[in-house]
Amino acid sequence: MADHRRLGIATGAVLLTAALTGCSGLGRTAVGTVTYEAGTDRVTVSNPVVTGCHKLRPAGAVRIENATLIDLIAYRTPNCTGGDTAYIATTLFDNIAPGTQPWRSYSWVH
């Protein structure tokens, strides 16, 4: 009897893990908005997808506000590479320092 129970628990755990893994990347979004200042424009992106690299306008951003439920990393390159980054936690913002390059892309911490 105990062997059947253990087998049932193990099978349930495997099925639950498979279900959660299969659904975790399907269209998940960062609930909220990312707003950035690019030149004289203020751009707001609502519920961005959490996968991939998100390019900002070609001029780049001097300020990024993260009003989502997921932390992000801002990059000075348009393809989310390089070491000069900023970690912007949920509900926080970042301004570039005077005389430095603007932010050109961002990706999510997950």
# chains A, B, ... in the order shown; residues from 1 in each chain; ligands from 1
$ residues_around --residues "A:Tyr87" --least-positions-apart "6" --cutoff "7 Å" --atoms "only C-alpha atoms" --output "VMD selection string"
chain A and resid 72 to 74
$ write_last_selection --atoms "all heavy atoms" --output "mmCIF file, in the first residue's frame"
data_model
loop_
_atom_site.group_PDB
_atom_site.id
_atom_site.type_symbol
_atom_site.label_atom_id
_atom_site.label_comp_id
_atom_site.auth_asym_id
_atom_site.auth_seq_id
_atom_site.Cartn_x
_atom_site.Cartn_y
_atom_site.Cartn_z
ATOM 1 N N LEU A 72 14.668 44.370 -14.259
ATOM 2 C CA LEU A 72 15.253 44.371 -15.601
ATOM 3 C C LEU A 72 16.699 44.822 -15.567
ATOM 4 O O LEU A 72 17.158 45.401 -14.585
ATOM 5 C CB LEU A 72 14.425 45.219 -16.570
ATOM 6 C CG LEU A 72 14.318 46.735 -16.410
ATOM 7 C CD1 LEU A 72 15.536 47.457 -16.970
ATOM 8 C CD2 LEU A 72 13.086 47.219 -17.125
ATOM 9 N N ILE A 73 17.399 44.545 -16.654
ATOM 10 C CA ILE A 73 18.783 44.993 -16.835
ATOM 11 C C ILE A 73 18.816 45.852 -18.084
ATOM 12 O O ILE A 73 18.368 45.429 -19.152
ATOM 13 C CB ILE A 73 19.753 43.803 -16.987
ATOM 14 C CG1 ILE A 73 19.720 42.946 -15.719
ATOM 15 C CG2 ILE A 73 21.168 44.298 -17.267
ATOM 16 C CD1 ILE A 73 20.551 41.679 -15.813
ATOM 17 N N ALA A 74 19.332 47.073 -17.949
ATOM 18 C CA ALA A 74 19.461 47.997 -19.077
ATOM 19 C C ALA A 74 20.884 47.924 -19.625
ATOM 20 O O ALA A 74 21.851 47.823 -18.859
ATOM 21 C CB ALA A 74 19.142 49.414 -18.637
#
$ closest_residue --among "A:Leu56, A:Trp108, A:Thr35, A:Arg76" --to "A:Phe93" --atoms "only C-alpha atoms"
A:Thr35
$ residues_around --residues "A:Thr68" --least-positions-apart "2" --cutoff "6 Å" --atoms "only C-alpha atoms" --output "list in words"
Ala30, Val31, Gly32, Thr33, Asn66, Ile70 and Thr90 of chain A
$ write_last_selection --atoms "C-alpha atoms" --output "PDB file, in the first residue's frame"
ATOM      1  CA  ALA A  30       5.984  41.567 -17.150  1.00  0.00           C
ATOM      2  CA  VAL A  31       2.749  42.921 -15.725  1.00  0.00           C
ATOM      3  CA  GLY A  32       2.960  46.709 -15.698  1.00  0.00           C
ATOM      4  CA  THR A  33       4.797  49.279 -17.780  1.00  0.00           C
ATOM      5  CA  ASN A  66      10.405  49.945 -14.361  1.00  0.00           C
ATOM      6  CA  ILE A  70       9.975  41.855 -12.682  1.00  0.00           C
ATOM      7  CA  THR A  90      10.724  46.560  -9.900  1.00  0.00           C
TER       8      THR A  90
END
$ atom_distance --atom1 "atom CA of A:Trp103" --atom2 "atom CA of A:Ala61"
5.0 Å
$ atom_distance --atom1 "atom CA of A:Arg42" --atom2 "atom CA of A:Gly60"
11.5 Å
$ atom_distance --atom1 "atom CA of A:Thr91" --atom2 "atom CA of A:Gly27"
21.9 Å
$ residues_around --residues "A:Pro102" --least-positions-apart "5" --cutoff "9 Å" --atoms "only C-alpha atoms" --output "list in words"
Ala38, Ala59, Gly60, Ala61, Val62, Arg63, Tyr75, Arg76, Thr77, Ile96 and Ala97 of chain A
$ select_by_dssp --residues "stretch 34-64 of chain A" --states "strand (DSSP E or B)" --output "number ranges by chain"
A: 34-38, 41-46, 49, 54-55, 61, 63-64
$ write_last_selection --atoms "N, CA, C and O atoms" --output "PDB file, in the first residue's frame"
ATOM      1  N   VAL A  34       6.947  49.714 -18.740  1.00  0.00           N
ATOM      2  CA  VAL A  34       8.310  50.240 -18.796  1.00  0.00           C
ATOM      3  C   VAL A  34       8.194  51.563 -19.545  1.00  0.00           C
ATOM      4  O   VAL A  34       7.675  51.604 -20.662  1.00  0.00           O
ATOM      5  N   THR A  35       8.640  52.637 -18.924  1.00  0.00           N
ATOM      6  CA  THR A  35       8.584  53.962 -19.547  1.00  0.00           C
ATOM      7  C   THR A  35      10.005  54.495 -19.650  1.00  0.00           C
ATOM      8  O   THR A  35      10.782  54.380 -18.706  1.00  0.00           O
ATOM      9  N   TYR A  36      10.323  55.045 -20.831  1.00  0.00           N
ATOM     10  CA  TYR A  36      11.662  55.614 -20.989  1.00  0.00           C
ATOM     11  C   TYR A  36      11.600  56.918 -21.765  1.00  0.00           C
ATOM     12  O   TYR A  36      10.675  57.164 -22.522  1.00  0.00           O
ATOM     13  N   GLU A  37      12.602  57.745 -21.513  1.00  0.00           N
ATOM     14  CA  GLU A  37      12.730  59.032 -22.195  1.00  0.00           C
ATOM     15  C   GLU A  37      13.785  58.909 -23.276  1.00  0.00           C
ATOM     16  O   GLU A  37      14.933  58.605 -22.996  1.00  0.00           O
ATOM     17  N   ALA A  38      13.355  59.139 -24.520  1.00  0.00           N
ATOM     18  CA  ALA A  38      14.236  59.063 -25.682  1.00  0.00           C
ATOM     19  C   ALA A  38      14.168  60.410 -26.391  1.00  0.00           C
ATOM     20  O   ALA A  38      13.186  60.701 -27.068  1.00  0.00           O
ATOM     21  N   ASP A  41      10.852  62.534 -26.490  1.00  0.00           N
ATOM     22  CA  ASP A  41       9.713  61.618 -26.394  1.00  0.00           C
ATOM     23  C   ASP A  41       9.737  60.836 -25.092  1.00  0.00           C
ATOM     24  O   ASP A  41      10.797  60.472 -24.581  1.00  0.00           O
ATOM     25  N   ARG A  42       8.560  60.559 -24.581  1.00  0.00           N
ATOM     26  CA  ARG A  42       8.381  59.667 -23.435  1.00  0.00           C
ATOM     27  C   ARG A  42       7.603  58.463 -23.954  1.00  0.00           C
ATOM     28  O   ARG A  42       6.455  58.591 -24.375  1.00  0.00           O
ATOM     29  N   VAL A  43       8.239  57.287 -23.944  1.00  0.00           N
ATOM     30  CA  VAL A  43       7.675  56.073 -24.523  1.00  0.00           C
ATOM     31  C   VAL A  43       7.264  55.129 -23.391  1.00  0.00           C
ATOM     32  O   VAL A  43       8.042  54.880 -22.471  1.00  0.00           O
ATOM     33  N   THR A  44       6.039  54.591 -23.485  1.00  0.00           N
ATOM     34  CA  THR A  44       5.557  53.627 -22.497  1.00  0.00           C
ATOM     35  C   THR A  44       5.220  52.319 -23.192  1.00  0.00           C
ATOM     36  O   THR A  44       4.487  52.304 -24.183  1.00  0.00           O
ATOM     37  N   VAL A  45       5.763  51.233 -22.668  1.00  0.00           N
ATOM     38  CA  VAL A  45       5.493  49.892 -23.177  1.00  0.00           C
ATOM     39  C   VAL A  45       4.703  49.165 -22.095  1.00  0.00           C
ATOM     40  O   VAL A  45       5.167  49.029 -20.963  1.00  0.00           O
ATOM     41  N   SER A  46       3.498  48.697 -22.436  1.00  0.00           N
ATOM     42  CA  SER A  46       2.647  48.003 -21.470  1.00  0.00           C
ATOM     43  C   SER A  46       2.807  46.497 -21.572  1.00  0.00           C
ATOM     44  O   SER A  46       2.790  45.941 -22.671  1.00  0.00           O
ATOM     45  N   VAL A  49       6.681  41.349 -23.124  1.00  0.00           N
ATOM     46  CA  VAL A  49       6.996  39.919 -23.019  1.00  0.00           C
ATOM     47  C   VAL A  49       8.325  39.777 -22.273  1.00  0.00           C
ATOM     48  O   VAL A  49       9.241  40.575 -22.457  1.00  0.00           O
ATOM     49  N   HIS A  54      14.847  43.615 -25.618  1.00  0.00           N
ATOM     50  CA  HIS A  54      13.937  44.677 -26.053  1.00  0.00           C
ATOM     51  C   HIS A  54      14.757  45.913 -26.428  1.00  0.00           C
ATOM     52  O   HIS A  54      15.415  46.503 -25.571  1.00  0.00           O
ATOM     53  N   LYS A  55      14.712  46.273 -27.705  1.00  0.00           N
ATOM     54  CA  LYS A  55      15.446  47.444 -28.177  1.00  0.00           C
ATOM     55  C   LYS A  55      14.661  48.716 -27.868  1.00  0.00           C
ATOM     56  O   LYS A  55      13.444  48.745 -27.971  1.00  0.00           O
ATOM     57  N   ALA A  61      17.850  55.839 -24.457  1.00  0.00           N
ATOM     58  CA  ALA A  61      17.064  56.409 -23.365  1.00  0.00           C
ATOM     59  C   ALA A  61      17.982  57.004 -22.305  1.00  0.00           C
ATOM     60  O   ALA A  61      19.002  56.420 -21.964  1.00  0.00           O
ATOM     61  N   ARG A  63      16.530  57.897 -19.355  1.00  0.00           N
ATOM     62  CA  ARG A  63      15.851  57.498 -18.124  1.00  0.00           C
ATOM     63  C   ARG A  63      14.945  56.310 -18.438  1.00  0.00           C
ATOM     64  O   ARG A  63      14.232  56.308 -19.436  1.00  0.00           O
ATOM     65  N   ILE A  64      14.980  55.294 -17.567  1.00  0.00           N
ATOM     66  CA  ILE A  64      14.099  54.139 -17.691  1.00  0.00           C
ATOM     67  C   ILE A  64      13.391  53.937 -16.355  1.00  0.00           C
ATOM     68  O   ILE A  64      14.039  53.896 -15.307  1.00  0.00           O
TER      69      ILE A  64
END
